[in-house]
$ cat upload-v2.tsv   # TSV, C-alpha atoms
chain	number	residue	atom	x	y	z
V	16	MET	CA	15.64	52.35	45.70
V	17	VAL	CA	16.80	48.75	46.03
V	18	MET	CA	19.98	46.94	45.03
V	19	CYS	CA	20.34	43.60	43.20
V	20	ARG	CA	20.66	40.54	45.42
V	21	GLU	CA	23.82	39.73	43.47
V	22	ALA	CA	25.49	43.01	44.49
V	23	ASP	CA	28.15	41.09	46.39
V	24	GLY	CA	28.94	39.25	43.19
V	25	GLY	CA	29.55	42.45	41.33
V	26	CYS	CA	26.12	43.54	40.07
V	27	GLU	CA	25.81	47.36	40.32
V	28	TRP	CA	22.13	47.59	39.40
V	29	LYS	CA	19.84	49.85	41.50
V	30	GLY	CA	16.17	50.60	40.93
V	31	THR	CA	12.64	50.41	42.22
V	32	ILE	CA	10.97	47.26	43.50
V	33	LYS	CA	8.69	47.32	40.47
V	34	GLN	CA	11.72	47.23	38.16
V	35	TYR	CA	13.52	44.50	40.07
V	36	ASP	CA	11.54	41.60	38.65
V	37	ASP	CA	12.56	42.50	35.12
V	38	HIS	CA	16.21	42.90	36.14
V	39	TYR	CA	16.21	39.59	38.00
V	40	HIS	CA	15.66	37.63	34.76
V	41	LYS	CA	18.44	39.57	32.98
V	42	CYS	CA	21.10	40.01	35.68
V	43	SER	CA	24.47	39.17	34.13
V	44	VAL	CA	26.05	37.88	37.35
V	45	MET	CA	23.06	35.79	38.45
V	46	THR	CA	24.08	32.10	38.75
V	47	VAL	CA	22.05	29.95	36.32
V	48	PRO	CA	22.25	26.29	35.15
V	49	CYS	CA	23.38	25.43	31.64
V	50	PRO	CA	20.28	24.52	29.58
V	51	ALA	CA	22.10	22.01	27.35
V	52	LEU	CA	20.99	18.36	27.57
V	53	GLY	CA	23.28	16.38	29.86
V	54	CYS	CA	25.20	19.39	31.18
V	55	MET	CA	24.93	19.81	34.96
V	56	THR	CA	27.10	22.97	35.23
V	57	SER	CA	25.91	26.26	36.78
V	58	MET	CA	27.64	29.63	36.25
V	59	PRO	CA	27.00	33.39	36.08
V	60	ARG	CA	24.76	34.30	33.20
V	61	ASN	CA	27.48	36.37	31.51
V	62	GLN	CA	29.65	33.22	31.22
V	63	LEU	CA	26.94	31.00	29.73
V	64	PHE	CA	27.60	31.80	26.07
V	65	PRO	CA	31.36	31.13	26.06
V	66	HIS	CA	30.72	27.97	28.10
V	67	ARG	CA	28.28	26.59	25.52
V	68	GLU	CA	30.59	27.50	22.66
V	69	SER	CA	33.74	25.85	23.98
V	70	VAL	CA	33.46	23.45	26.93
V	71	CYS	CA	29.81	22.40	27.39
V	72	VAL	CA	29.41	18.62	27.07
V	73	GLY	CA	25.94	19.12	25.62
V	74	ARG	CA	27.01	21.37	22.75
V	75	VAL	CA	26.54	20.11	19.20
V	76	ILE	CA	29.74	19.47	17.26
V	77	SER	CA	30.75	17.84	13.97
V	78	CYS	CA	32.76	14.63	13.86
V	79	PRO	CA	36.24	15.50	12.51
V	80	PHE	CA	36.20	12.39	10.27
V	81	CYS	CA	32.64	11.93	8.94
V	82	ASP	CA	31.07	15.36	9.69
V	83	GLU	CA	28.14	13.78	11.53
V	84	LYS	CA	26.44	16.13	14.00
V	85	LEU	CA	26.54	14.88	17.60
V	86	ARG	CA	26.86	16.00	21.21
V	87	ALA	CA	30.36	16.62	22.49
V	88	ALA	CA	29.75	14.08	25.28
V	89	ASP	CA	29.08	11.36	22.66
V	90	GLN	CA	32.16	11.98	20.52
V	91	ASP	CA	34.45	9.41	22.17
V	92	GLN	CA	31.91	6.60	21.84
V	93	HIS	CA	31.17	7.61	18.25
V	94	LEU	CA	34.84	7.43	17.30
V	95	LYS	CA	35.41	4.10	19.06
V	96	GLU	CA	32.33	2.28	17.80
V	97	THR	CA	30.43	3.77	14.88
V	98	CYS	CA	32.28	6.44	12.89
V	99	PRO	CA	32.62	4.97	9.37
V	100	LYS	CA	35.66	7.07	8.44
V	101	VAL	CA	37.92	6.30	11.39
V	102	GLN	CA	41.12	4.55	10.33
V	103	LEU	CA	41.67	1.06	11.75
V	104	ILE	CA	44.09	-1.82	11.42
V	105	CYS	CA	42.93	-5.31	10.50
V	106	PRO	CA	41.82	-7.14	13.69
V	107	ASN	CA	43.30	-10.35	12.23
V	108	GLN	CA	46.73	-8.72	12.22
V	109	CYS	CA	47.28	-9.47	8.56
V	110	GLY	CA	49.36	-6.30	8.13
V	111	ALA	CA	46.67	-4.16	6.49
V	112	VAL	CA	46.64	-0.63	7.97
V	113	ASP	CA	44.78	2.60	7.29
V	114	LEU	CA	41.54	0.72	6.73
V	115	LEU	CA	38.42	2.82	7.15
V	116	ARG	CA	35.75	1.26	9.34
V	117	ASP	CA	33.29	1.09	6.42
V	118	GLN	CA	35.91	-0.85	4.42
V	119	LEU	CA	36.62	-3.44	7.09
V	120	ALA	CA	33.75	-5.81	6.24
V	121	SER	CA	34.85	-5.94	2.60
V	122	HIS	CA	38.49	-6.51	3.59
V	123	ARG	CA	37.61	-9.44	5.85
V	124	LYS	CA	36.04	-11.29	2.91
V	125	THR	CA	39.52	-11.63	1.40
V	126	CYS	CA	41.77	-11.24	4.45
V	127	PRO	CA	44.32	-14.11	4.42
V	128	ARG	CA	44.14	-14.47	8.19
V	129	GLU	CA	40.34	-14.43	8.48
V	130	LYS	CA	39.07	-17.71	9.95
V	131	VAL	CA	36.84	-19.58	7.51
V	132	HIS	CA	34.97	-22.89	7.29
V	133	CYS	CA	35.70	-25.63	4.79
V	134	TYR	CA	33.74	-25.56	1.54
V	135	TYR	CA	32.31	-28.95	2.56
V	136	ALA	CA	31.11	-27.82	5.99
V	137	ASN	CA	27.50	-28.61	5.01
V	138	ALA	CA	28.57	-32.19	4.32
V	139	GLY	CA	30.09	-32.49	7.80
V	140	CYS	CA	33.67	-31.21	7.58
V	141	GLY	CA	34.62	-29.39	10.79
V	142	PHE	CA	37.61	-27.41	9.48
V	143	HIS	CA	37.75	-23.82	10.83
V	144	ASP	CA	41.06	-22.01	10.39
V	145	ILE	CA	42.68	-19.06	8.63
V	146	ARG	CA	42.00	-18.65	4.90
V	147	THR	CA	45.58	-19.37	3.86
V	148	ALA	CA	45.36	-22.87	5.39
V	149	LEU	CA	42.27	-23.80	3.34
V	150	PRO	CA	43.98	-24.91	0.07
V	151	LEU	CA	46.29	-27.31	1.92
V	152	HIS	CA	43.34	-28.68	3.88
V	153	HIS	CA	41.47	-29.40	0.63
V	154	GLU	CA	44.52	-31.06	-0.91
V	155	GLN	CA	45.15	-33.31	2.08
V	156	ASN	CA	41.52	-34.30	2.66
V	157	LEU	CA	40.25	-35.01	-0.85
V	158	ALA	CA	39.27	-38.62	-0.08
V	159	TYR	CA	37.61	-37.56	3.18
V	160	HIS	CA	35.58	-34.90	1.40
V	161	LEU	CA	34.48	-37.39	-1.26
V	162	GLN	CA	33.38	-39.75	1.51
V	163	LEU	CA	31.36	-36.94	3.15
V	164	ILE	CA	29.70	-36.04	-0.13
V	165	SER	CA	28.88	-39.70	-0.84
V	166	ARG	CA	27.36	-40.12	2.62
V	167	MET	CA	25.33	-36.94	2.21
V	168	GLY	CA	24.08	-38.21	-1.15
V	169	GLU	CA	22.97	-41.50	0.41
V	170	GLN	CA	21.20	-39.65	3.19
V	171	ASN	CA	19.43	-37.43	0.69
V	172	LYS	CA	18.44	-40.44	-1.37
V	173	GLU	CA	17.03	-42.18	1.70
V	174	GLN	CA	15.08	-39.09	2.65
V	175	MET	CA	13.68	-38.80	-0.88
V	176	LEU	CA	12.60	-42.43	-0.85
V	177	LYS	CA	10.82	-41.98	2.47
V	178	ALA	CA	9.17	-38.83	1.20
V	179	ASN	CA	8.06	-40.67	-1.95
V	180	VAL	CA	6.53	-43.46	0.14
V	181	ARG	CA	4.62	-40.92	2.24
V	182	LEU	CA	3.48	-39.19	-0.92
V	183	GLN	CA	2.20	-42.44	-2.42
V	184	GLU	CA	0.35	-43.28	0.78
V	185	LYS	CA	-1.26	-39.87	0.80
V	186	ASN	CA	-2.15	-40.25	-2.86
V	187	ARG	CA	-3.84	-43.61	-2.21
V	188	GLU	CA	-5.74	-42.08	0.69
V	189	LEU	CA	-6.93	-39.17	-1.43
V	190	THR	CA	-7.85	-41.51	-4.27
V	191	GLY	CA	-10.01	-43.55	-1.90
V	192	MET	CA	-11.71	-40.43	-0.58
V	193	VAL	CA	-12.40	-39.22	-4.12
V	194	ALA	CA	-13.92	-42.58	-5.03
V	195	MET	CA	-16.10	-42.51	-1.91
V	196	LEU	CA	-17.35	-39.02	-2.70
V	197	ARG	CA	-18.06	-39.96	-6.31
V	198	GLU	CA	-20.16	-42.90	-5.07
V	199	GLN	CA	-22.02	-40.60	-2.69
V	200	GLN	CA	-22.65	-38.21	-5.56
V	201	ILE	CA	-24.06	-41.05	-7.67
V	202	ASN	CA	-26.42	-41.99	-4.81
V	203	VAL	CA	-27.56	-38.41	-4.46
V	204	ASP	CA	-28.19	-38.23	-8.22
V	205	ARG	CA	-30.30	-41.38	-8.01
V	206	LYS	CA	-32.32	-39.99	-5.12
V	207	LEU	CA	-32.84	-36.76	-6.98
V	208	GLU	CA	-34.03	-38.61	-10.07
V	209	ALA	CA	-36.42	-40.64	-7.95
V	210	MET	CA	-37.72	-37.49	-6.28
V	211	GLN	CA	-38.19	-35.79	-9.65
V	212	SER	CA	-40.06	-38.81	-10.97
V	213	MET	CA	-42.28	-38.74	-7.88
V	214	MET	CA	-42.88	-35.02	-8.46
V	215	ASP	CA	-43.87	-35.65	-12.08
V	216	ARG	CA	-46.36	-38.37	-11.06
V	217	PHE	CA	-47.74	-36.12	-8.37
V	218	SER	CA	-48.24	-33.32	-10.90
V	219	GLN	CA	-50.15	-35.69	-13.19
V	220	GLN	CA	-52.31	-36.79	-10.25
V	221	MET	CA	-53.08	-33.15	-9.42
V	222	VAL	CA	-54.23	-32.59	-13.00
V	223	THR	CA	-56.46	-35.65	-12.71
V	224	VAL	CA	-57.86	-34.44	-9.37
V	225	VAL	CA	-58.72	-31.02	-10.80
V	226	ALA	CA	-60.30	-32.57	-13.89
V	227	HIS	CA	-62.45	-35.00	-11.89
V	228	THR	CA	-63.43	-32.36	-9.34
V	229	GLY	CA	-64.63	-29.98	-12.01
V	230	SER	CA	-66.49	-32.51	-14.19
V	231	THR	CA	-67.94	-35.22	-11.93
V	232	GLY	CA	-67.95	-33.68	-8.48
V	233	CYS	CA	-65.61	-36.43	-7.28
V	234	MET	CA	-61.90	-36.34	-6.49
V	235	ALA	CA	-59.67	-39.21	-7.57
V	236	PHE	CA	-56.21	-39.46	-6.08
V	237	SER	CA	-53.91	-42.44	-6.42
V	238	GLY	CA	-56.77	-44.65	-7.54
V	239	ILE	CA	-59.15	-43.68	-4.69
V	240	THR	CA	-62.44	-41.91	-5.46
V	241	SER	CA	-64.05	-39.69	-2.78
V	242	PRO	CA	-67.30	-37.69	-2.92
V	243	THR	CA	-67.07	-33.95	-3.27
V	244	SER	CA	-67.52	-33.09	0.40
V	245	PRO	CA	-65.58	-31.23	3.14
V	246	PRO	CA	-63.09	-34.16	3.49
V	247	ALA	CA	-62.48	-33.98	-0.26
V	248	MET	CA	-61.95	-30.26	-0.06
V	249	GLN	CA	-59.49	-30.87	2.75
V	250	GLY	CA	-57.61	-33.31	0.50
V	251	ALA	CA	-57.48	-30.72	-2.28
V	252	ALA	CA	-56.27	-28.09	0.17
V	253	SER	CA	-53.43	-30.40	1.30
V	254	LEU	CA	-51.99	-30.61	-2.23
V	255	PRO	CA	-50.05	-27.31	-2.00
V	256	ALA	CA	-48.56	-28.42	1.32
V	257	ILE	CA	-47.43	-31.71	-0.20
V	258	THR	CA	-46.01	-29.85	-3.19
V	259	ALA	CA	-44.12	-27.47	-0.91
V	260	ARG	CA	-42.72	-30.36	1.15
V	261	LEU	CA	-41.51	-32.17	-1.97
V	262	LYS	CA	-39.91	-28.97	-3.27
V	263	MET	CA	-38.10	-28.52	0.06
V	264	GLU	CA	-36.75	-32.07	-0.15
V	265	ILE	CA	-35.54	-31.45	-3.72
V	266	ASP	CA	-33.85	-28.22	-2.66
V	267	ALA	CA	-32.16	-30.06	0.23
V	268	LEU	CA	-30.87	-32.69	-2.19
V	269	ASP	CA	-29.57	-29.94	-4.49
V	270	GLY	CA	-27.73	-28.40	-1.53
V	271	ALA	CA	-26.22	-31.76	-0.58
V	272	MET	CA	-25.06	-32.24	-4.16
V	273	ALA	CA	-23.40	-28.82	-4.16
V	274	VAL	CA	-21.53	-29.68	-0.95
V	275	GLN	CA	-20.47	-33.01	-2.42
V	276	ASP	CA	-19.20	-31.21	-5.56
V	277	VAL	CA	-17.12	-28.79	-3.47
V	278	GLN	CA	-15.63	-31.60	-1.37
V	279	LEU	CA	-14.92	-33.67	-4.48
V	280	SER	CA	-13.26	-30.72	-6.19
V	281	ASP	CA	-11.13	-30.02	-3.11
V	282	LEU	CA	-9.98	-33.62	-2.87
V	283	SER	CA	-9.22	-33.72	-6.59
V	284	ILE	CA	-7.07	-30.62	-6.23
V	285	ARG	CA	-5.24	-32.13	-3.25
V	286	GLN	CA	-4.66	-35.30	-5.24
V	287	ASP	CA	-3.26	-33.32	-8.14
V	288	LEU	CA	-0.95	-31.44	-5.80
V	289	SER	CA	0.29	-34.70	-4.34
V	290	GLU	CA	1.29	-35.79	-7.84
V	291	VAL	CA	3.51	-32.77	-8.48
V	292	LYS	CA	6.78	-34.05	-9.92
V	293	GLY	CA	10.16	-32.46	-10.60
V	294	ASN	CA	11.61	-32.47	-14.10
V	295	ASN	CA	15.14	-31.03	-14.16
V	296	GLY	CA	14.25	-28.53	-11.47
V	297	VAL	CA	10.91	-27.53	-13.16
V	298	LEU	CA	7.71	-28.24	-11.24
V	299	ILE	CA	4.92	-29.95	-13.25
V	300	TRP	CA	1.29	-29.72	-12.03
V	301	ARG	CA	-1.10	-32.02	-13.85
V	302	ILE	CA	-4.67	-30.67	-13.77
V	303	ARG	CA	-7.19	-33.34	-14.66
V	304	ASP	CA	-10.65	-32.61	-16.12
V	305	LEU	CA	-9.65	-28.98	-16.71
V	306	THR	CA	-12.61	-28.19	-19.01
V	307	ARG	CA	-15.16	-29.56	-16.53
V	308	ARG	CA	-13.58	-27.69	-13.63
V	309	ILE	CA	-13.63	-24.39	-15.53
V	310	THR	CA	-17.31	-24.96	-16.40
V	311	ASP	CA	-18.18	-25.79	-12.76
V	312	ALA	CA	-16.32	-22.71	-11.52
V	313	GLU	CA	-18.04	-20.41	-14.02
V	314	SER	CA	-21.48	-21.81	-13.10
V	315	GLY	CA	-20.80	-21.37	-9.36
V	316	ARG	CA	-20.98	-25.07	-8.51
V	317	THR	CA	-17.37	-25.16	-7.25
V	318	PRO	CA	-14.96	-22.46	-5.96
V	319	PRO	CA	-12.95	-20.76	-8.77
V	320	LEU	CA	-9.54	-22.09	-7.66
V	321	TYR	CA	-8.06	-22.17	-11.15

$ encode --input "upload-v2.tsv" --output "C-alpha cells"
Amino acid sequence: MVMCREADGGCEWKGTIKQYDDHYHKCSVMTVPCPALGCMTSMPRNQLFPHRESVCVGRVISCPFCDEKLRAADQDQHLKETCPKVQLICPNQCGAVDLLRDQLASHRKTCPREKVHCYYANAGCGFHDIRTALPLHHEQNLAYHLQLISRMGEQNKEQMLKANVRLQEKNRELTGMVAMLREQQINVDRKLEAMQSMMDRFSQQMVTVVAHTGSTGCMAFSGITSPTSPPAMQGAASLPAITARLKMEIDALDGAMAVQDVQLSDLSIRQDLSEVKGNNGVLIWRIRDLTRRITDAESGRTPPLY
C-alpha cells in the first residue's frame, strides 16, 4: 500500500502503486495551474472551480452596459475605450451629460463648443474656432470672404484657360497625325492597286504562255519568244514561284493597311476625346464617321471600341 504524495496537504488516499497513476490525475489537493488564458495562478485542484467562477482574470464575463462577452482582465479597457453604452460627458464641456459613447459623434456635429472651420476654408479663410463664434465671423468678414471667392474664381479661370490651350495643342497634334496616317493609307492603296494591276497583267501573260506552249511549241513571255526546250520549261516552272511571291507582297500590303486602319481609328478616337466639351455640367462626346466605324468594327478591320 502507498500513500498520496500530497498526504501532508491533507490527501488521505491509500492504494496500490498500480492505482496511484489514476489517483494522481484526480487528487483534489494536488496543486495545479489555472487553465484560463492569461491567468498565472496555481492552487489545489478542489479550489479551481470557485476560482474560475469568481476571481480568475481569464474568466468570460458580460459587460454590465452593452452585454458584450469579454475576459475579466479586459473589462477596464473595454469600459474606458470601446463600450458603446458607457455614459460620458461632452469633451468640449458644453454642459451635455449622460451621453452614450455611440451618441457622441452625432452630438459633436451640433455641439456649440465644437471647433469648426469657416465655410470658406476652401477659398483660403483660416478661421478655426468654436461653432458659436462662426456667425459673428461671417458677419464681420463678408468683404474678405467675397475677395477670397473672387480670387479663387480668377485662379480657376486661369487654370481653365491653360487647360484649354493644352487641349487645343493636343488636338492640333492629333489632327496632324491623323492627316499623316490618311496620306500613308492613300499611298498604300495606290501601291496595292499597282500590285493588283501587275497581277492581272501577269495572269494574262500566263494564259498567253500556256496557249503558245500548247499550240506552237514556243513560249512567249513579255514579248520574248523562246523555243520549247529545257530553258523554256524552266521558265514555265518559275511561274508559280513568281505568282506566290506576288501574292505574298499583296498579303503584306493588306497587313500594312490593316495596321494603318487601327492606328488611324485610335488617333481619331483620341481626337474625339480631346474635343469633349461641357454643357451645363453634361459631357458631350462627338463621334465622327459613326456609320463607317461601326462597319469597320463589324468587319474586323478595326477594334470594336464603340

$ atom_distance --input "upload-v2.tsv" --atom1 "CA of Ile145 in chain V" --atom2 "CA of Asn107 in chain V"
9.4 Å

$ atom_distance --input "upload-v2.tsv" --atom1 "CA of Glu173 in chain V" --atom2 "CA of Phe142 in chain V"
26.5 Å

$ closest_residue --input "upload-v2.tsv" --among "V:Gly24, V:Gly168, V:Gly110, V:Pro65" --to "Ala138 in chain V" --atoms "all atoms listed in the file"
V:Gly168

$ residues_around --input "upload-v2.tsv" --residues "Ala87 in chain V" --least-positions-apart "3" --cutoff "8 Å" --atoms "all atoms listed in the file" --output "mmCIF file with C-alpha atoms, keeping the file's coordinate frame"
data_model
loop_
_atom_site.group_PDB
_atom_site.id
_atom_site.type_symbol
_atom_site.label_atom_id
_atom_site.label_comp_id
_atom_site.auth_asym_id
_atom_site.auth_seq_id
_atom_site.Cartn_x
_atom_site.Cartn_y
_atom_site.Cartn_z
ATOM 1 C CA CYS V 71 29.810 22.400 27.390
ATOM 2 C CA VAL V 72 29.410 18.620 27.070
ATOM 3 C CA GLY V 73 25.940 19.120 25.620
ATOM 4 C CA ARG V 74 27.010 21.370 22.750
ATOM 5 C CA VAL V 75 26.540 20.110 19.200
ATOM 6 C CA ILE V 76 29.740 19.470 17.260
ATOM 7 C CA GLN V 90 32.160 11.980 20.520
#

$ residues_around --input "upload-v2.tsv" --residues "Met16 in chain V" --least-positions-apart "2" --cutoff "8 Å" --atoms "only C-alpha atoms" --output "PyMOL selection string"
chain V and resi 18+29-32

$ residues_near_point --input "upload-v2.tsv" --point "(30.9, 32.3, 33.7)" --cutoff "10 Å" --atoms "only C-alpha atoms" --output "ChimeraX atom specification"
/V:43-47,57-66

$ atom_distance --input "upload-v2.tsv" --atom1 "CA of Thr223 in chain V" --atom2 "CA of Lys262 in chain V"
20.2 Å

$ residues_around --input "upload-v2.tsv" --residues "His143 in chain V" --least-positions-apart "5" --cutoff "12 Å" --atoms "all atoms listed in the file" --output "VMD selection string"
chain V and resid 128 to 136 148 to 149 152

$ closest_residue --input "upload-v2.tsv" --among "V:Ala111, V:Leu182, V:Leu189, V:Leu261" --to "Asp215 in chain V" --atoms "only C-alpha atoms"
V:Leu261

$ closest_residue --input "upload-v2.tsv" --among "V:Leu114, V:Asn202, V:Arg166, V:Met195" --to "Gly139 in chain V" --atoms "only C-alpha atoms"
V:Arg166

$ residues_around --input "upload-v2.tsv" --residues "range 80-84 of chain V" --least-positions-apart "3" --cutoff "7 Å" --atoms "all atoms listed in the file" --output "CSV table (one decimal) with C-alpha atoms, in the frame of the given file"
chain,number,residue,atom,x,y,z
V,75,VAL,CA,26.5,20.1,19.2
V,76,ILE,CA,29.7,19.5,17.3
V,77,SER,CA,30.8,17.8,14.0
V,98,CYS,CA,32.3,6.4,12.9
V,99,PRO,CA,32.6,5.0,9.4
V,100,LYS,CA,35.7,7.1,8.4
V,101,VAL,CA,37.9,6.3,11.4

$ axis_aligned_box --input "upload-v2.tsv" --around "range 213-220 of chain V" --padding-each-side "5 Å" --output "AutoDock Vina command-line options"
--center_x -47.3 --center_y -36.0 --center_z -10.5 --size_x 20.0 --size_y 15.4 --size_z 15.3

$ closest_residue --input "upload-v2.tsv" --among "V:Leu268, V:Met167, V:Asn156, V:Gln162" --to "Gln199 in chain V" --atoms "only C-alpha atoms"
V:Leu268
